[in-house]
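Data from target_20.pdb: PDB, C-alpha atoms
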```pdb
ATOM      1  CA  MET Z  24      37.905 153.571  71.782
ATOM      2  CA  THR Z  25      41.119 153.879  73.760
ATOM      3  CA  THR Z  26      43.827 151.288  73.308
ATOM      4  CA  LYS Z  27      45.111 149.286  76.234
ATOM      5  CA  LYS Z  28      48.389 150.540  77.652
ATOM      6  CA  LEU Z  29      51.240 148.278  76.608
ATOM      7  CA  LYS Z  30      53.355 146.776  79.349
ATOM      8  CA  LEU Z  31      56.999 146.981  78.285
ATOM      9  CA  ALA Z  32      58.311 143.676  79.589
ATOM     10  CA  PHE Z  33      59.717 140.493  78.141
ATOM     11  CA  ILE Z  34      56.969 138.232  76.816
ATOM     12  CA  GLU Z  35      57.350 134.808  78.426
ATOM     13  CA  LYS Z  36      55.198 132.773  76.037
ATOM     14  CA  ASP Z  37      57.021 131.792  72.856
ATOM     15  CA  ILE Z  38      53.965 131.972  70.573
ATOM     16  CA  ALA Z  39      52.906 135.374  71.846
ATOM     17  CA  ARG Z  40      56.484 136.686  71.653
ATOM     18  CA  LYS Z  41      56.885 135.445  68.061
ATOM     19  CA  LEU Z  42      53.586 137.052  67.043
ATOM     20  CA  ALA Z  43      54.560 140.338  68.701
ATOM     21  CA  TYR Z  44      57.934 140.263  66.943
ATOM     22  CA  LYS Z  45      56.325 139.786  63.549
ATOM     23  CA  ASN Z  46      53.790 142.553  64.074
ATOM     24  CA  ARG Z  47      56.333 145.016  65.456
ATOM     25  CA  LYS Z  48      58.818 144.266  62.697
ATOM     26  CA  ASN Z  49      56.267 144.906  59.965
ATOM     27  CA  SER Z  50      55.156 148.087  61.696
ATOM     28  CA  LEU Z  51      58.753 149.309  62.011
ATOM     29  CA  VAL Z  52      59.485 148.704  58.334
ATOM     30  CA  LYS Z  53      56.274 150.490  57.375
ATOM     31  CA  LYS Z  54      57.162 153.491  59.544
ATOM     32  CA  VAL Z  55      60.631 153.749  57.972
ATOM     33  CA  GLU Z  56      59.082 153.690  54.508
ATOM     34  CA  GLU Z  57      56.586 156.405  55.484
ATOM     35  CA  LEU Z  58      59.415 158.476  56.954
ATOM     36  CA  THR Z  59      61.363 158.450  53.699
ATOM     37  CA  THR Z  60      58.281 159.319  51.652
ATOM     38  CA  LEU Z  61      56.821 162.056  53.857
ATOM     39  CA  CYS Z  62      60.068 163.758  54.870
ATOM     40  CA  GLY Z  63      62.177 163.066  51.789
ATOM     41  CA  ILE Z  64      65.154 161.619  53.688
ATOM     42  CA  ASP Z  65      67.380 158.593  53.249
ATOM     43  CA  ALA Z  66      66.700 155.857  55.772
ATOM     44  CA  CYS Z  67      67.176 152.126  56.070
ATOM     45  CA  ALA Z  68      66.379 149.334  58.499
ATOM     46  CA  ILE Z  69      68.321 146.228  59.496
ATOM     47  CA  ILE Z  70      66.510 143.914  61.890
ATOM     48  CA  TYR Z  71      68.124 140.823  63.396
ATOM     49  CA  GLY Z  72      65.702 138.318  64.872
ATOM     50  CA  PRO Z  73      65.851 134.789  66.233
ATOM     51  CA  TYR Z  74      63.047 133.625  63.942
ATOM     52  CA  ASP Z  75      64.661 134.481  60.584
ATOM     53  CA  PRO Z  76      67.829 132.921  59.157
ATOM     54  CA  GLN Z  77      68.773 136.242  57.532
ATOM     55  CA  PRO Z  78      68.282 139.778  58.895
ATOM     56  CA  GLU Z  79      65.380 141.831  57.609
ATOM     57  CA  ILE Z  80      66.717 144.604  55.334
ATOM     58  CA  TRP Z  81      64.844 147.569  53.962
ATOM     59  CA  PRO Z  82      64.734 148.849  51.265
ATOM     60  CA  SER Z  83      67.450 146.627  49.756
ATOM     61  CA  PRO Z  84      71.097 145.694  50.394
ATOM     62  CA  SER Z  85      72.263 148.360  47.940
ATOM     63  CA  GLY Z  86      69.976 150.938  49.520
ATOM     64  CA  VAL Z  87      71.377 150.153  52.954
ATOM     65  CA  GLN Z  88      74.934 150.471  51.620
ATOM     66  CA  ASN Z  89      74.127 153.888  50.140
ATOM     67  CA  VAL Z  90      72.737 155.188  53.443
ATOM     68  CA  ILE Z  91      75.716 153.859  55.419
ATOM     69  CA  SER Z  92      78.210 155.334  52.931
ATOM     70  CA  LYS Z  93      76.475 158.708  53.096
ATOM     71  CA  PHE Z  94      76.631 158.613  56.880
ATOM     72  CA  LYS Z  95      80.339 157.749  56.914
ATOM     73  CA  THR Z  96      81.231 160.548  54.519
ATOM     74  CA  ALA Z  97      79.611 163.127  56.825
ATOM     75  CA  SER Z  98      81.728 164.992  59.376
ATOM     76  CA  GLU Z  99      82.061 163.658  62.903
ATOM     77  CA  TYR Z 100      80.052 166.591  64.224
ATOM     78  CA  GLU Z 101      77.173 165.833  61.842
ATOM     79  CA  GLN Z 102      77.295 162.168  62.788
ATOM     80  CA  ARG Z 103      77.085 162.814  66.537
ATOM     81  CA  LYS Z 104      74.829 165.899  66.494
ATOM     82  CA  LYS Z 105      71.596 163.969  67.060
ATOM     83  CA  MET Z 106      72.996 160.611  68.059
ATOM     84  CA  VAL Z 107      71.866 159.040  71.332
ATOM     85  CA  ASN Z 108      72.786 155.857  73.108
ATOM     86  CA  GLN Z 109      71.202 153.967  75.935
ATOM     87  CA  GLU Z 110      73.007 155.996  78.599
ATOM     88  CA  SER Z 111      72.123 159.420  77.189
ATOM     89  CA  PHE Z 112      68.551 158.307  76.551
ATOM     90  CA  LEU Z 113      68.120 157.147  80.153
ATOM     91  CA  LYS Z 114      69.684 160.352  81.499
ATOM     92  CA  GLU Z 115      67.253 162.407  79.466
ATOM     93  CA  ARG Z 116      64.305 160.380  80.717
ATOM     94  CA  ILE Z 117      65.496 160.654  84.325
ATOM     95  CA  SER Z 118      65.936 164.414  84.035
ATOM     96  CA  LYS Z 119      62.436 164.763  82.576
ATOM     97  CA  ALA Z 120      60.975 162.583  85.355
ATOM     98  CA  GLU Z 121      62.750 164.671  88.016
ATOM     99  CA  LYS Z 122      61.278 167.885  86.591
ATOM    100  CA  GLN Z 123      57.807 166.366  86.613
ATOM    101  CA  LEU Z 124      58.329 165.162  90.191
ATOM    102  CA  ASN Z 125      59.420 168.616  91.362
ATOM    103  CA  LYS Z 126      56.439 170.240  89.653
ATOM    104  CA  GLN Z 127      54.070 167.735  91.258
ATOM    105  CA  TRP Z 128      55.676 168.330  94.663
ATOM    106  CA  ARG Z 129      55.186 172.093  94.343
ATOM    107  CA  ASP Z 130      51.560 171.623  93.295
ATOM    108  CA  ASN Z 131      50.889 169.317  96.270
ATOM    109  CA  LYS Z 132      52.584 171.748  98.648
ATOM    110  CA  GLU Z 133      50.487 174.626  97.355
ATOM    111  CA  LYS Z 134      47.276 172.608  97.762
ATOM    112  CA  GLU Z 135      48.213 171.586 101.318
ATOM    113  CA  THR Z 136      48.967 175.210 102.240
ATOM    114  CA  THR Z 137      45.690 176.378 100.696
ATOM    115  CA  MET Z 138      43.751 173.781 102.692
ATOM    116  CA  LEU Z 139      45.511 174.946 105.878
ATOM    117  CA  ILE Z 140      44.515 178.550 105.128
ATOM    118  CA  PHE Z 141      40.852 177.567 104.826
ATOM    119  CA  GLN Z 142      41.068 175.614 108.073
ATOM    120  CA  CYS Z 143      42.490 178.682 109.816
ATOM    121  CA  LEU Z 144      39.743 180.885 108.373
ATOM    122  CA  ASN Z 145      37.038 178.491 109.531
ATOM    123  CA  ALA Z 146      38.577 178.229 113.009
ATOM    124  CA  GLY Z 147      39.222 181.967 113.311
ATOM    125  CA  GLY Z 148      42.899 181.465 114.085
ATOM    126  CA  ILE Z 149      45.938 179.262 113.599
ATOM    127  CA  VAL Z 150      44.895 175.642 113.887
ATOM    128  CA  PRO Z 151      47.258 173.035 115.383
ATOM    129  CA  ASN Z 152      49.315 171.387 112.676
ATOM    130  CA  ASP Z 153      52.574 169.574 112.142
ATOM    131  CA  SER Z 154      54.114 172.316 110.026
ATOM    132  CA  SER Z 155      57.724 173.205 110.655
ATOM    133  CA  VAL Z 156      59.207 176.678 110.484
ATOM    134  CA  ALA Z 157      59.581 176.248 106.739
ATOM    135  CA  GLY Z 158      55.942 175.186 106.491
ATOM    136  CA  LEU Z 159      54.830 178.277 108.417
ATOM    137  CA  ASN Z 160      56.926 180.428 106.105
ATOM    138  CA  ASP Z 161      55.183 178.815 103.141
ATOM    139  CA  LEU Z 162      51.857 179.583 104.791
ATOM    140  CA  ALA Z 163      52.814 183.240 105.228
ATOM    141  CA  LEU Z 164      53.969 183.465 101.617
ATOM    142  CA  MET Z 165      50.731 181.915 100.397
ATOM    143  CA  ILE Z 166      48.666 184.375 102.451
ATOM    144  CA  ASP Z 167      50.649 187.314 101.048
ATOM    145  CA  LYS Z 168      50.208 185.953  97.545
ATOM    146  CA  ASN Z 169      46.428 185.662  97.988
ATOM    147  CA  LEU Z 170      46.202 189.160  99.477
ATOM    148  CA  MET Z 171      48.120 190.588  96.520
ATOM    149  CA  GLU Z 172      45.833 188.779  94.107
ATOM    150  CA  ILE Z 173      42.739 190.099  95.921
ATOM    151  CA  GLY Z 174      44.156 193.628  95.828
ATOM    152  CA  ARG Z 175      44.880 193.315  92.123
ATOM    153  CA  ARG Z 176      41.330 192.171  91.394
ATOM    154  CA  ILE Z 177      39.889 195.034  93.450
ATOM    155  CA  GLU Z 178      41.966 197.535  91.458
ATOM    156  CA  ILE Z 179      40.771 196.039  88.180
ATOM    157  CA  SER Z 180      37.152 196.139  89.373
ATOM    158  CA  ASP Z 181      37.448 199.786  90.479
ATOM    159  CA  SER Z 182      39.107 200.717  87.195
ATOM    160  CA  ASN Z 183      36.318 199.087  85.201
ATOM    161  CA  SER Z 184      33.685 200.854  87.335
ATOM    162  CA  ASN Z 185      35.336 204.234  86.718
ATOM    163  CA  ILE Z 186      35.474 203.570  82.996
ATOM    164  CA  HIS Z 187      31.765 202.672  82.866
ATOM    165  CA  GLN Z 188      30.868 205.710  84.979
ATOM    166  CA  SER Z 189      32.902 208.011  82.717
ATOM    167  CA  GLN Z 190      31.237 206.570  79.639
ATOM    168  CA  GLY Z 191      27.812 207.168  81.194
ATOM    169  CA  GLU Z 192      28.652 210.813  81.975
ATOM    170  CA  ASN Z 193      29.870 211.376  78.427
ATOM    171  CA  GLN Z 194      26.635 209.991  77.065
ATOM    172  CA  ILE Z 195      24.594 212.297  79.326
ATOM    173  CA  THR Z 196      26.656 215.362  78.339
ATOM    174  CA  THR Z 197      26.319 214.570  74.669
ATOM    175  CA  ALA Z 198      22.573 214.188  75.028
ATOM    176  CA  GLN Z 199      22.309 217.602  76.737
ATOM    177  CA  PHE Z 200      24.011 219.432  73.881
ATOM    178  CA  ASP Z 201      22.302 217.626  71.058
ATOM    179  CA  PRO Z 202      19.686 219.798  69.236
ATOM    180  CA  PRO Z 203      16.094 218.934  70.170
ATOM    181  CA  LEU Z 204      14.213 216.837  67.746
ATOM    182  CA  PRO Z 205      11.519 218.765  65.761
ATOM    183  CA  LEU Z 206       7.981 218.314  66.997
ATOM    184  CA  LEU Z 207       5.631 216.442  64.778
ATOM    185  CA  GLN Z 208       3.113 218.804  63.110
ATOM    186  CA  PRO Z 209      -0.479 217.742  62.453
ATOM    187  CA  PRO Z 210      -1.305 217.055  58.792
ATOM    188  CA  PRO Z 211      -2.999 219.882  56.815
ATOM    189  CA  PRO Z 212      -6.802 219.766  56.611
ATOM    190  CA  PRO Z 213      -8.263 218.205  53.467
ATOM    191  CA  PRO Z 214      -9.536 220.623  50.748
ATOM    192  CA  PRO Z 215     -13.232 221.534  50.973
ATOM    193  CA  THR Z 216     -15.502 219.368  48.915
ATOM    194  CA  VAL Z 217     -17.823 220.947  46.346
ATOM    195  CA  SER Z 218     -21.474 220.117  46.770
ATOM    196  CA  ASP Z 219     -23.812 219.496  43.851
ATOM    197  CA  VAL Z 220     -25.600 222.896  44.287
ATOM    198  CA  ASP Z 221     -22.329 224.831  44.215
ATOM    199  CA  GLU Z 222     -21.201 222.891  41.151
ATOM    200  CA  VAL Z 223     -24.438 223.818  39.242
ATOM    201  CA  GLU Z 224     -24.119 227.482  40.231
ATOM    202  CA  MET Z 225     -20.493 227.629  39.114
ATOM    203  CA  MET Z 226     -21.313 226.054  35.750
ATOM    204  CA  SER Z 227     -24.144 228.558  35.168
ATOM    205  CA  ARG Z 228     -21.813 231.487  35.889
ATOM    206  CA  LEU Z 229     -19.319 230.177  33.370
ATOM    207  CA  GLY Z 230     -22.066 229.949  30.742
ATOM    208  CA  TRP Z 231     -21.875 226.245  30.481
ATOM    209  CA  LEU Z 232     -25.587 225.936  31.292
TER
END
```

This entry written out as structure tokens:
Amino acid sequence: MTTKKLKLAFIEKDIARKLAYKNRKNSLVKKVEELTTLCGIDACAIIYGPYDPQPEIWPSPSGVQNVISKFKTASEYEQRKKMVNQESFLKERISKAEKQLNKQWRDNKEKETTMLIFQCLNAGGIVPNDSSVAGLNDLALMIDKNLMEIGRRIEISDSNSNIHQSQGENQITTAQFDPPLPLLQPPPPPPPTVSDVDEVEMMSRLGWL
């Protein structure tokens, strides 16, 4: 079951805001604890809130002091290497949104040009449209791109056909030069059976009777 998308806005109701603060604070402390255990790093949390007389500290005041001291003893480059503030964070988000917007604009432009190509094919010529010179240039580029793709697929299809044809010829040639299989010979006739009269005559000749 999918969770409902959270609306990031100030909660007007005091009870709901207090409940959200408590839940988020506990979740944040739990995540920091999991981060230290799973990744083996030193981390701490200090949370100031309007509902507690003292700030929430994790893991302990001494643990927080150790993390802060370790951070201060590091070089300035190490301290600022992965540090972000509100301004840099917003700039990064804006840059990412601009890239997504440009990608979406290119995708929409390509779809519009493709639809115009199909309209021209159905009409048998250039259909009236509001495209500018730049739009017509995009149309020409899209047509050239499709023609190149069609030509590439035709070459691949012809190449595959030649490969299959060559394999078939090799199989035929191999079959022609293979020695013929020996013909099956009929089984030898069974030995003649001895009748009772012949058996008596043979025994008398041997002196057995």

Can you spell out as a PDB file with C-alpha atoms, in the coordinates of the input the set of residues that the PyMOL selection byres ((chain Z and resi 166-183) around 12) selects in the structure I just provided?
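Writing the result to out01.pdb gives the following:
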```pdb
ATOM      1  CA  GLU Z 133      50.487 174.626  97.355  1.00  0.00           C
ATOM      2  CA  THR Z 136      48.967 175.210 102.240  1.00  0.00           C
ATOM      3  CA  THR Z 137      45.690 176.378 100.696  1.00  0.00           C
ATOM      4  CA  MET Z 138      43.751 173.781 102.692  1.00  0.00           C
ATOM      5  CA  LEU Z 139      45.511 174.946 105.878  1.00  0.00           C
ATOM      6  CA  ILE Z 140      44.515 178.550 105.128  1.00  0.00           C
ATOM      7  CA  PHE Z 141      40.852 177.567 104.826  1.00  0.00           C
ATOM      8  CA  CYS Z 143      42.490 178.682 109.816  1.00  0.00           C
ATOM      9  CA  LEU Z 144      39.743 180.885 108.373  1.00  0.00           C
ATOM     10  CA  LEU Z 159      54.830 178.277 108.417  1.00  0.00           C
ATOM     11  CA  ASN Z 160      56.926 180.428 106.105  1.00  0.00           C
ATOM     12  CA  ASP Z 161      55.183 178.815 103.141  1.00  0.00           C
ATOM     13  CA  LEU Z 162      51.857 179.583 104.791  1.00  0.00           C
ATOM     14  CA  ALA Z 163      52.814 183.240 105.228  1.00  0.00           C
ATOM     15  CA  LEU Z 164      53.969 183.465 101.617  1.00  0.00           C
ATOM     16  CA  MET Z 165      50.731 181.915 100.397  1.00  0.00           C
ATOM     17  CA  SER Z 184      33.685 200.854  87.335  1.00  0.00           C
ATOM     18  CA  ASN Z 185      35.336 204.234  86.718  1.00  0.00           C
ATOM     19  CA  ILE Z 186      35.474 203.570  82.996  1.00  0.00           C
ATOM     20  CA  HIS Z 187      31.765 202.672  82.866  1.00  0.00           C
ATOM     21  CA  GLN Z 188      30.868 205.710  84.979  1.00  0.00           C
ATOM     22  CA  SER Z 189      32.902 208.011  82.717  1.00  0.00           C
ATOM     23  CA  GLN Z 190      31.237 206.570  79.639  1.00  0.00           C
TER      24      GLN Z 190
END
```

Legend entry - d(CA of Lys93 in chain Z, CA of Glu56 in chain Z) in Å: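 Atom-to-atom, CA of Lys93 in chain Z and CA of Glu56 in chain Z are spaced 18.2 Å apart.
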
Inset, instruction - Would you translate the PyMOL selection byres ((chain Z and resi 72-74) around 10) into the concrete set of residues it matches in this file, as a ChimeraX atom specification? - result: /Z:41,44-45,48,69-71,75-79

Expand the PyMOL selection byres ((chain Z and resi 83) around 12) into the individual residues it matches in the shown file, reporting them as a JSON list (two decimals) with C-alpha atoms, in the coordinates of the input.
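New file part-v3.json:
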```json
[["chain", "number", "residue", "atom", "x", "y", "z"],
["Z", 52, "VAL", "CA", 59.48, 148.70, 58.33],
["Z", 56, "GLU", "CA", 59.08, 153.69, 54.51],
["Z", 66, "ALA", "CA", 66.70, 155.86, 55.77],
["Z", 67, "CYS", "CA", 67.18, 152.13, 56.07],
["Z", 68, "ALA", "CA", 66.38, 149.33, 58.50],
["Z", 69, "ILE", "CA", 68.32, 146.23, 59.50],
["Z", 78, "PRO", "CA", 68.28, 139.78, 58.90],
["Z", 79, "GLU", "CA", 65.38, 141.83, 57.61],
["Z", 80, "ILE", "CA", 66.72, 144.60, 55.33],
["Z", 81, "TRP", "CA", 64.84, 147.57, 53.96],
["Z", 82, "PRO", "CA", 64.73, 148.85, 51.26],
["Z", 84, "PRO", "CA", 71.10, 145.69, 50.39],
["Z", 85, "SER", "CA", 72.26, 148.36, 47.94],
["Z", 86, "GLY", "CA", 69.98, 150.94, 49.52],
["Z", 87, "VAL", "CA", 71.38, 150.15, 52.95],
["Z", 88, "GLN", "CA", 74.93, 150.47, 51.62],
["Z", 89, "ASN", "CA", 74.13, 153.89, 50.14],
["Z", 90, "VAL", "CA", 72.74, 155.19, 53.44]]
```
